[in-house]
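K.L.:
Here it is, the structure in full.
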Amino acid sequence: MNERGDSRGARPGQEAGHPREAGHQQRAGRGEGPATEPTLVVSVDVPAQRTGQPGEAGGGRAGSGGARRAARAAARATASGARGRGVYSLLALMTLLTAVVLSVTVGRDYQPLRSTTQPFHRHSQDPSFDPISNVLRGLPPNTINNQSSTPDQAIRAMAVSQAEIALLAGGRLIRTIPLATPATGLPELAAAVGDPSWLEYDGGGQVTVRAALVVVGGAALGIAAPVRDVVLESRRGVLLGADGAALALDGVHVRPSSAHPDPDWRAVDQNQPFVFANNDATLVISNSHLSHIGRDWNSSYGISWADGSTGSITNSEVDNTFIGVYTDKARDITVANNWFHDNTLYGIDPHSGSTGIVVRQNLSERNGRHGIIFSEDVTGSLVENNITRNNHLNGIMMDAGSTGNRIVGNTATGNRGDGIVLASSPDNVLERNIVTHNRVGIHVHGDGGTEGITIRDNHVAGNQLASQGIALAGNDVIDNGDQWRPRVLAVIWSLVPITVVLLVSGTAVLRRRRGRSGSRRTRVTAVGARA
């Protein structure tokens with residue numbers, strides 16, 4: 001009894017819970033016999049292990065657990081860092097992808113091309129005699145075969161030569177009026193004819209022409225002050241022309257006596273008068289206004305030069321004609337400083353083998369088709385410093401083998417069709433033009449392709465497409481529908497690094513907050529477990 005009591009009494013003073021002492025005590029108890037109380041020994045060991053030091057058995061298990069917890073914490077930290085780097089990389093990648101998508105969808109213009117279909121019926125260019133030949137024969141203006149056509153007495157003409165005036169009706173000579181000296185103006189002619197049913201001067205500046213007035217045989221006629229208003233009667237066969245002679249208009253308004261308000265009606269109306277120079281004639285128009293004349297028939301379009309004729313139109317206004325200016329195998333025509341507008345088909349139309357045409361400093365706008373068109377082998381000509389705008393089709397066009405021309409310093413803007421078109425017309429030069437807000441800026445197509453075409457120093461901007469059929473290297477090409485938009489792209493990509501920094505910073509802050517919240521929950525759980 002004393003021995004067991006001594007043993008129990010000594011335990012509180014020892015280092016509690018040492019494994020060896022516990023074993024000795026258990027064996028000593030077993031040696032004493034049935035009186036030993038093992039339950040008391042176990043009850044003492046449990047609290048001793050809780051408070052054990054690292055060097056003792058309980059402390060070793062605690063140290064081992066702490067190491068494992070530290071290892072797990074380190075592993076979690078490593079995994080968390082890896083996950084963080086992955087999240088940041090994913091954010092950067094998503095930002096880059098978003099920038100790419102925005103660049104393609106917003107940084108590039110994808111305007112659909114407008115349709116350029118404009119329904120319009122045109123007569124074919126039927127083979128026929130020129131209008132002057134027809135009218136001198138007394139044939140209707142739409143005559144194709146003069147051998148099978150019957151002269152009409154209602155078709156009348158005044159043929160003015162240097163020596164006489166011949167009055168014809170239905171191709172027959174009605175009267176000859178000799179001239180002592182060549183007539184040089186309409187008031188003199190009206191006085192010589194002496195019949196207002198053919199030609200009338202009112203004495204106040206207006207002359208009414210009631211039959212075709214044609215200058216022939218090398219004569220020259222000038223229509224100028226005191227005449228200010230030339231009224232061409234709206235009837236079949238009436239025209240103002242020159243055939244192998246010279247005609248000049250200066251400071252006058254030429255118009256029909258009546259004109260239908262519908263341009264499509266006027267286009268087929270045989271009563272529409274017009275101005276025409278033929279057979280090496282010279283027609284010079286200056287400071288004048290010509291309106292509502294012409295129709296859709298060979299060389300009857302409005303103002304025309306044909307068959308080697310030459311001349312000019314300058315400082316004038318031409319509107320509501322079928323075609324403002326037309327040439328057919330003409331030469332050395334100057335069209336300068338004019339205003340062509342609201343014409344049914346074209347503003348300026350050099351055509352069919354004409355050469356040496358100079359089209360300079362004109363405004364051609366709101367015409368039913370093209371502002372300026374060279375068609376069918378128009379060569380060696382110049383289109384310079386013109387403005388073609390708001391036309392229903394193209395601004396400037398070279399068509400059907402029109403080559404060796406220079407298109408320089410023009411502005412083609414706001415046309416429903418294309419700005420400048422080369423259709424089957426290689427070997428042309430396009431230089432220093434401004435081409436804006438059209439369907440296609442510069443369009444090349446057809447036979448010959450881009451052969452010999454020079455396109456340089458042009459400004460092409462704001463079109464639905466910059467070009468078709470040809471590259472525009474060496475030109476100023478910006479903000480067209482088929483192009484990147486540099487300003488938008490600059491904004492998009494300048495925001496990429498800022499967006500990445502903001503996303504990464506915000507994500508890092510959220511992760512730290514979550515980490516602190518998780519640590520607090522872990523500590524609370526651990527304390528609860530120890531309690």
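Following the order of the structure tokens, chains are lettered A, B, ..., residues in each are numbered from 1, and ligands are numbered from 1.
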Within region 271-502 of chain A, find each residue whose DSSP state, derived from the backbone, is strand (DSSP E), and express the selection as a PyMOL selection string.

P.N.:
chain A and resi 275-278+282-286+289-291+302-306+310-314+317-319+323-328+333-336+339-341+346-351+358-360+363-365+372-375+382-384+387-389+396-399+406-408+411-413+420-423+429-431+434-436+440-445+454-456+459-461+465-468+476-478

K.L.:
Can you tell me which residues surround Pro350 (chain A) at a distance of at most 8 Å, considering only C-alpha atoms, apart from same-chain residues fewer than 6 positions away, and format the answer as a ChimeraX atom specification?

P.N.:
/A:325-328,357,373-375,378

K.L.:
Output N, CA and C atoms for every residue in that selection, as a JSON list (two decimals), in the first residue's frame.

P.N.:
```json
[["chain", "number", "residue", "atom", "x", "y", "z"],
["A", 325, "VAL", "N", -23.77, 67.71, -123.39],
["A", 325, "VAL", "CA", -22.86, 67.88, -124.52],
["A", 325, "VAL", "C", -22.52, 66.49, -125.06],
["A", 326, "TYR", "N", -22.57, 66.36, -126.40],
["A", 326, "TYR", "CA", -22.29, 65.08, -127.04],
["A", 326, "TYR", "C", -21.37, 65.31, -128.24],
["A", 327, "THR", "N", -20.43, 64.39, -128.44],
["A", 327, "THR", "CA", -19.57, 64.46, -129.63],
["A", 327, "THR", "C", -19.53, 63.09, -130.30],
["A", 328, "ASP", "N", -19.41, 63.09, -131.62],
["A", 328, "ASP", "CA", -19.33, 61.87, -132.41],
["A", 328, "ASP", "C", -18.30, 62.10, -133.51],
["A", 357, "ILE", "N", -10.30, 66.00, -126.81],
["A", 357, "ILE", "CA", -11.36, 66.66, -126.04],
["A", 357, "ILE", "C", -10.79, 67.13, -124.70],
["A", 373, "ILE", "N", -18.83, 61.08, -119.19],
["A", 373, "ILE", "CA", -18.51, 59.76, -119.74],
["A", 373, "ILE", "C", -17.83, 59.92, -121.09],
["A", 374, "PHE", "N", -16.69, 59.23, -121.27],
["A", 374, "PHE", "CA", -16.06, 59.06, -122.57],
["A", 374, "PHE", "C", -16.39, 57.64, -123.01],
["A", 375, "SER", "N", -16.98, 57.46, -124.20],
["A", 375, "SER", "CA", -17.37, 56.12, -124.60],
["A", 375, "SER", "C", -17.06, 55.86, -126.06],
["A", 378, "VAL", "N", -12.80, 57.07, -127.37],
["A", 378, "VAL", "CA", -12.42, 58.47, -127.20],
["A", 378, "VAL", "C", -10.99, 58.48, -126.66]]
```

K.L.:
Compile the contact shell of Asn343 (chain A) as a list in words: residues with an atom at most 8 Å away, counting only C-alpha atoms, same-chain residues fewer than 3 positions apart removed.

P.N.:
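Near neighbours after the sequence-gap exclusion: Val318, Asp319, Asn320, Thr321, Phe322, Ile323, Gly324, Phe340, Tyr346, Gly347, Arg366, Asn367 and Gly368 of chain A.
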
K.L.:
Per residue of region 132-167 of chain A within 8 Å of region 217-222 of chain A, which atom pair is closest and at what distance in Å (one decimal), using only C-alpha atoms, listed by chain and increasing number, as CSV?

P.N.:
```
residue,atom,partner,partner_atom,distance
A:Val160,CA,A:Ala219,CA,7.4
A:Ser161,CA,A:Ala219,CA,5.2
A:Gln162,CA,A:Ala219,CA,4.9
```

K.L.:
DSSP on the backbone: which residues in region 105-326 of chain A end up as helix (DSSP H, G or I)? Give the answer as a list in words.

P.N.:
Thr105, Pro131, Ile132, Ser133, Asn134, Val135, Leu136, Arg137, Leu186, Pro187, Glu188, Leu189, Ala190, Ala191, Ala192, Val193, Pro263, Asp264, Trp265, Arg266 and Ala267 of chain A
